[in-house]
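Trainee: Input structure: final.cif, which contains mmCIF, C-alpha atoms.
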```
data_work
#
loop_
_atom_site.label_atom_id
_atom_site.label_comp_id
_atom_site.auth_asym_id
_atom_site.auth_seq_id
_atom_site.Cartn_x
_atom_site.Cartn_y
_atom_site.Cartn_z
CA MET E 1 0.00 0.00 0.00
CA ARG E 2 2.92 2.33 0.81
CA PHE E 3 4.31 1.79 -2.69
CA LEU E 4 0.99 2.67 -4.28
CA ALA E 5 1.01 5.91 -2.30
CA GLY E 6 4.08 7.40 -3.97
CA GLU E 7 6.62 4.89 -2.56
CA LEU E 8 6.18 6.15 0.99
CA THR E 9 8.94 4.87 3.27
CA GLN E 10 8.22 3.32 6.67
CA GLN E 11 9.77 6.37 8.35
CA GLN E 12 7.66 8.80 6.30
CA LEU E 13 4.50 6.86 7.13
CA ALA E 14 5.51 6.74 10.80
CA ASP E 15 6.09 10.51 10.82
CA GLU E 16 2.72 11.07 9.15
CA LEU E 17 0.99 8.90 11.78
CA LYS E 18 3.09 10.28 14.68
CA VAL E 19 4.20 6.79 15.73
CA SER E 20 7.63 5.13 15.75
CA ARG E 21 9.00 3.32 12.68
CA GLN E 22 9.07 0.11 14.78
CA THR E 23 5.28 0.36 15.16
CA VAL E 24 4.83 0.61 11.37
CA VAL E 25 7.17 -2.39 10.93
CA ALA E 26 5.24 -4.39 13.56
CA ILE E 27 1.88 -3.60 11.89
CA GLU E 28 3.19 -4.59 8.45
CA LYS E 29 4.60 -7.86 9.82
CA GLY E 30 1.31 -8.62 11.58
CA ASN E 31 2.99 -8.53 15.00
CA TYR E 32 0.80 -5.71 16.28
CA SER E 33 -2.88 -4.91 15.83
CA PRO E 34 -3.27 -1.12 15.94
CA SER E 35 -5.98 0.66 17.89
CA LEU E 36 -9.11 1.65 16.01
CA GLU E 37 -7.99 5.28 16.06
CA LEU E 38 -4.59 4.45 14.50
CA ALA E 39 -6.28 2.17 11.94
CA PHE E 40 -8.50 5.09 10.88
CA ARG E 41 -5.48 7.39 10.66
CA ILE E 42 -3.62 4.87 8.47
CA ALA E 43 -6.63 4.56 6.18
CA ARG E 44 -6.87 8.36 6.00
CA VAL E 45 -3.20 8.65 4.94
CA PHE E 46 -3.95 6.35 2.00
CA ASN E 47 -7.29 8.06 1.25
CA THR E 48 -9.15 4.80 1.60
CA THR E 49 -11.27 2.80 4.05
CA ILE E 50 -10.11 0.57 6.92
CA GLU E 51 -11.41 -2.52 5.06
CA GLU E 52 -9.06 -1.73 2.17
CA VAL E 53 -6.05 -1.60 4.48
CA PHE E 54 -6.80 -4.30 7.05
CA THR E 55 -8.33 -7.75 6.85
CA TYR E 56 -9.58 -9.84 9.74
CA GLU E 57 -9.17 -13.58 10.01
CA PRO E 58 -10.57 -15.27 13.12
CA VAL E 59 -8.01 -17.29 15.09
CA LYS E 60 -8.71 -21.03 14.77
CA LYS E 61 -9.11 -22.68 18.18
CA MET I 1 18.55 -2.97 17.42
CA SER I 2 15.90 -0.43 18.35
CA TYR I 3 16.46 2.30 20.94
CA GLN I 4 13.94 0.71 23.32
CA VAL I 5 15.74 -2.67 23.27
CA LYS I 6 19.11 -1.00 23.92
CA GLU I 7 17.57 1.04 26.77
CA ASN I 8 16.15 -2.10 28.40
CA ILE I 9 19.46 -3.98 28.09
CA VAL I 10 21.19 -1.05 29.80
CA ASN I 11 18.49 -1.12 32.51
CA ILE I 12 19.06 -4.84 33.15
CA PHE I 13 22.83 -4.47 33.40
CA SER I 14 22.66 -1.33 35.54
CA GLY I 15 20.09 -2.94 37.87
CA LEU I 16 22.27 -6.03 38.32
CA LEU I 17 25.46 -4.00 38.71
CA ILE I 18 24.10 -1.49 41.25
CA SER I 19 22.32 -4.16 43.34
CA THR I 20 25.31 -6.53 43.37
CA ILE I 21 27.87 -3.86 44.31
CA TYR I 22 25.59 -2.39 47.00
CA ALA I 23 24.77 -5.83 48.44
CA LEU I 24 28.47 -6.73 48.57
CA ILE I 25 29.35 -3.47 50.37
CA ILE I 26 26.56 -4.01 52.93
CA TYR I 27 27.51 -7.67 53.44
CA GLN I 28 31.15 -6.70 53.96
CA ARG I 29 30.19 -4.12 56.60
CA HIS I 30 27.96 -6.68 58.30
CA GLN I 31 30.87 -9.16 58.38
CA GLU I 32 33.15 -6.47 59.84
CA GLY I 33 30.62 -6.04 62.66
CA ARG I 34 29.72 -2.40 61.95
CA PHE I 35 26.05 -3.35 62.31
CA ASP I 36 24.10 -6.53 62.99
CA LEU I 37 21.57 -7.08 60.21
CA THR I 38 20.08 -10.13 61.92
CA GLU I 39 18.80 -8.05 64.86
CA ASP I 40 18.81 -4.34 63.97
CA PHE I 41 15.81 -3.68 61.69
CA THR I 42 16.22 0.12 61.83
CA THR I 43 19.47 -0.34 59.91
CA TRP I 44 17.57 -2.24 57.22
CA GLY I 45 15.33 0.80 56.78
CA VAL I 46 18.37 3.07 56.41
CA ILE I 47 19.97 0.59 53.98
CA PHE I 48 16.86 0.57 51.75
CA ILE I 49 16.54 4.40 51.77
CA ILE I 50 20.22 4.83 50.86
CA PHE I 51 19.86 2.13 48.19
CA MET I 52 16.99 4.02 46.53
CA ILE I 53 19.01 7.28 46.45
CA VAL I 54 22.20 5.54 45.24
CA SER I 55 20.21 3.63 42.62
CA VAL I 56 18.65 6.81 41.14
CA ILE I 57 22.00 8.67 41.02
CA ALA I 58 23.86 5.67 39.55
CA ARG I 59 21.16 5.20 36.88
CA ILE I 60 21.39 8.85 35.82
CA ILE I 61 25.17 8.48 35.42
CA ILE I 62 24.78 5.17 33.53
CA TYR I 63 22.16 6.77 31.21
CA ILE I 64 24.51 9.65 30.39
CA ILE I 65 27.33 7.17 29.64
CA PHE I 66 24.92 5.05 27.53
CA HIS I 67 23.90 8.07 25.44
CA ILE I 68 27.53 9.09 24.90
CA ILE I 69 28.58 5.54 23.86
CA ASN I 70 25.47 5.19 21.66
CA ALA I 71 26.20 8.50 19.92
CA ILE I 72 29.85 7.48 19.34
CA ALA I 73 28.81 4.04 18.00
CA LEU I 74 26.19 5.51 15.63
CA GLN I 75 28.42 8.53 14.81
CA LYS I 76 25.41 10.79 15.44
CA GLU I 77 23.05 11.62 18.28
CA GLU I 78 20.09 9.22 18.19
CA ASP I 79 16.73 10.89 18.68
CA ILE I 80 14.77 9.43 21.59
CA PRO I 81 11.67 8.02 19.87
CA VAL I 82 8.27 9.30 20.93
CA SER I 83 6.30 6.85 23.02
CA ASP I 84 3.35 5.76 20.89
CA GLU I 85 0.37 3.49 21.66
CA ARG I 86 2.38 0.29 21.03
CA ASP I 87 5.16 1.39 23.42
CA LYS I 88 2.56 2.24 26.07
CA LEU I 89 0.90 -1.17 25.67
CA ILE I 90 4.27 -2.93 25.90
CA LYS I 91 5.13 -0.99 29.08
CA LEU I 92 1.73 -1.84 30.54
CA LYS I 93 2.15 -5.58 29.87
CA ALA I 94 5.72 -5.55 31.17
CA THR I 95 4.58 -3.80 34.36
CA ARG I 96 1.84 -6.43 34.78
CA ASN I 97 4.46 -9.21 34.49
CA SER I 98 6.76 -7.54 37.01
CA HIS I 99 3.86 -7.12 39.44
CA TYR I 100 3.12 -10.85 39.14
CA ALA I 101 6.77 -11.59 39.94
CA PHE I 102 6.82 -9.31 42.98
CA SER I 103 3.46 -10.63 44.23
CA ILE I 104 4.78 -14.21 44.02
CA THR I 105 7.90 -13.16 45.97
CA PHE I 106 5.72 -11.38 48.56
CA ALA I 107 3.51 -14.46 49.05
CA SER I 108 6.54 -16.78 49.12
CA VAL I 109 8.12 -14.75 51.94
CA PHE I 110 5.22 -15.61 54.27
CA VAL I 111 5.39 -19.28 53.30
CA PHE I 112 9.11 -19.32 54.11
CA LEU I 113 8.45 -17.43 57.37
CA ALA I 114 5.91 -20.09 58.33
CA PHE I 115 8.61 -22.70 57.72
CA GLY I 116 11.05 -20.95 60.06
CA MET I 117 12.91 -18.40 57.91
CA PRO I 118 14.50 -15.71 60.16
CA VAL I 119 12.76 -12.31 60.09
CA TYR I 120 15.73 -10.50 58.49
CA GLY I 121 15.22 -12.86 55.52
CA ILE I 122 12.14 -10.74 54.62
CA PHE I 123 14.39 -7.82 53.71
CA ILE I 124 16.74 -9.97 51.65
CA ALA I 125 13.75 -11.54 49.89
CA PHE I 126 12.30 -8.09 49.11
CA LEU I 127 15.64 -6.97 47.69
CA ILE I 128 15.85 -10.09 45.49
CA GLY I 129 12.13 -9.82 44.58
CA GLY I 130 12.56 -6.17 43.60
CA LEU I 131 15.54 -6.99 41.41
CA LEU I 132 13.77 -10.00 39.89
CA SER I 133 10.63 -8.02 39.08
CA GLU I 134 12.76 -5.30 37.47
CA LEU I 135 14.55 -7.91 35.34
CA ILE I 136 11.18 -9.37 34.30
CA ASP I 137 9.89 -5.87 33.46
CA ASN I 138 12.85 -5.08 31.20
CA GLY I 139 13.03 -8.63 29.81
CA SER I 140 9.33 -8.52 28.93
CA GLN I 141 9.78 -5.18 27.15
CA ILE I 142 12.65 -6.62 25.08
CA TYR I 143 10.55 -9.70 24.27
CA TYR I 144 7.46 -7.72 23.24
CA HIS I 145 9.52 -5.26 21.18
CA SER I 146 11.21 -8.12 19.33
CA LYS I 147 8.44 -10.70 19.01
CA GLY I 148 5.39 -8.45 18.95
CA ILE I 149 2.31 -8.22 21.14
#
```
Just give me the structure as structure tokens.
Mentor:
Amino acid sequence: MRFLAGELTQQQLADELKVSRQTVVAIEKGNYSPSLELAFRIARVFNTTIEEVFTYEPVKK
Amino acid sequence: MSYQVKENIVNIFSGLLISTIYALIIYQRHQEGRFDLTEDFTTWGVIFIIFMIVSVIARIIIYIIFHIINAIALQKEEDIPVSDERDKLIKLKATRNSHYAFSITFASVFVFLAFGMPVYGIFIAFLIGGLLSELIDNGSQIYYHSKGI
């Protein structure tokens, strides 16, 4: 998604969102689920909806 | 290695270093007979108060040294990253883990007392429990920063 938005780097996206680069890395790797507020802010950066950025798969028990 | 991981490694080493050196000094003075830690509980209070002051001062010095070494290693001054929601969540979970560790130590002390541990053992157990919970706090932060939450 970052590449579609003018090849935005992780640091640039982090600065835009006012979070650390490590948080962007963790979200991209799937190691961290952002808060709803941050998810909205990410979607807003890309001018799209949350559903376009994030997908949800229930954990199999 | 991220700034947070480096900071926590420094915390672990400084915690171990300060506690070990202080404990050795106190033990040496006890052996020399300057005070009797098995009977005199007022001295334990003084020891803990001095330890808190020494610990804060030593940590400030260690932090300054860490920042100087870090700047030399990176050949520039590293900006301290802003604490975002993920950092706050990591700190919260690490604090929870350290509280578990200290609560277990606290409960264990009474079990050991019931089985005949001398009363001065409480203070030693609290010192060890405090150090252990600090190690778990910093260790948890390193783990969550590396593996994710």
Trainee: In Å, with one decimal, what is the gap from CA of Lys93 in chain I to CA of Leu17 in chain E?
Mentor: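 It comes out at 23.2 Å.
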Trainee: Please identify all residues of chain E having at least one atom at most 6 Å from any atom of chain I, considering only C-alpha atoms, and return them as JSON, numbers by chain.
Mentor: {"E": [19, 31, 32]}
Trainee: Might you pull out every residue within 9 Å of Asn97 in chain I, with all atoms listed in the file counted and same-chain residues fewer than 4 positions away left off, and present them as an MDAnalysis selection string?
Mentor: chainID I and resid 92:93 101:102 133 136:137 140
Trainee: Would you translate the PyMOL selection byres ((chain E and resi 34-51) around 12) into the concrete set of residues it matches in this file, as a PyMOL selection string?
Mentor: (chain E and resi 1-8+12-19+23-28+30-33+52-56) or (chain I and resi 84-89+148-149)
Trainee: For the selection you just gave me, I'd like the residues written to a file as an mmCIF file, in the frame of the given file, keeping C-alpha atoms.
Mentor:
```cif
data_model
loop_
_atom_site.group_PDB
_atom_site.id
_atom_site.type_symbol
_atom_site.label_atom_id
_atom_site.label_comp_id
_atom_site.auth_asym_id
_atom_site.auth_seq_id
_atom_site.Cartn_x
_atom_site.Cartn_y
_atom_site.Cartn_z
ATOM 1 C CA MET E 1 0.000 0.000 0.000
ATOM 2 C CA ARG E 2 2.920 2.330 0.810
ATOM 3 C CA PHE E 3 4.310 1.790 -2.690
ATOM 4 C CA LEU E 4 0.990 2.670 -4.280
ATOM 5 C CA ALA E 5 1.010 5.910 -2.300
ATOM 6 C CA GLY E 6 4.080 7.400 -3.970
ATOM 7 C CA GLU E 7 6.620 4.890 -2.560
ATOM 8 C CA LEU E 8 6.180 6.150 0.990
ATOM 9 C CA GLN E 12 7.660 8.800 6.300
ATOM 10 C CA LEU E 13 4.500 6.860 7.130
ATOM 11 C CA ALA E 14 5.510 6.740 10.800
ATOM 12 C CA ASP E 15 6.090 10.510 10.820
ATOM 13 C CA GLU E 16 2.720 11.070 9.150
ATOM 14 C CA LEU E 17 0.990 8.900 11.780
ATOM 15 C CA LYS E 18 3.090 10.280 14.680
ATOM 16 C CA VAL E 19 4.200 6.790 15.730
ATOM 17 C CA THR E 23 5.280 0.360 15.160
ATOM 18 C CA VAL E 24 4.830 0.610 11.370
ATOM 19 C CA VAL E 25 7.170 -2.390 10.930
ATOM 20 C CA ALA E 26 5.240 -4.390 13.560
ATOM 21 C CA ILE E 27 1.880 -3.600 11.890
ATOM 22 C CA GLU E 28 3.190 -4.590 8.450
ATOM 23 C CA GLY E 30 1.310 -8.620 11.580
ATOM 24 C CA ASN E 31 2.990 -8.530 15.000
ATOM 25 C CA TYR E 32 0.800 -5.710 16.280
ATOM 26 C CA SER E 33 -2.880 -4.910 15.830
ATOM 27 C CA GLU E 52 -9.060 -1.730 2.170
ATOM 28 C CA VAL E 53 -6.050 -1.600 4.480
ATOM 29 C CA PHE E 54 -6.800 -4.300 7.050
ATOM 30 C CA THR E 55 -8.330 -7.750 6.850
ATOM 31 C CA TYR E 56 -9.580 -9.840 9.740
ATOM 32 C CA ASP I 84 3.350 5.760 20.890
ATOM 33 C CA GLU I 85 0.370 3.490 21.660
ATOM 34 C CA ARG I 86 2.380 0.290 21.030
ATOM 35 C CA ASP I 87 5.160 1.390 23.420
ATOM 36 C CA LYS I 88 2.560 2.240 26.070
ATOM 37 C CA LEU I 89 0.900 -1.170 25.670
ATOM 38 C CA GLY I 148 5.390 -8.450 18.950
ATOM 39 C CA ILE I 149 2.310 -8.220 21.140
#
```
Trainee: Kindly give the distance, in Å, that separates CA of Ile26 in chain I and CA of Ser55 in chain I, rounded to a single decimal.
Mentor: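 Straight-line distance from CA of Ile26 in chain I to CA of Ser55 in chain I works out to 14.3 Å.
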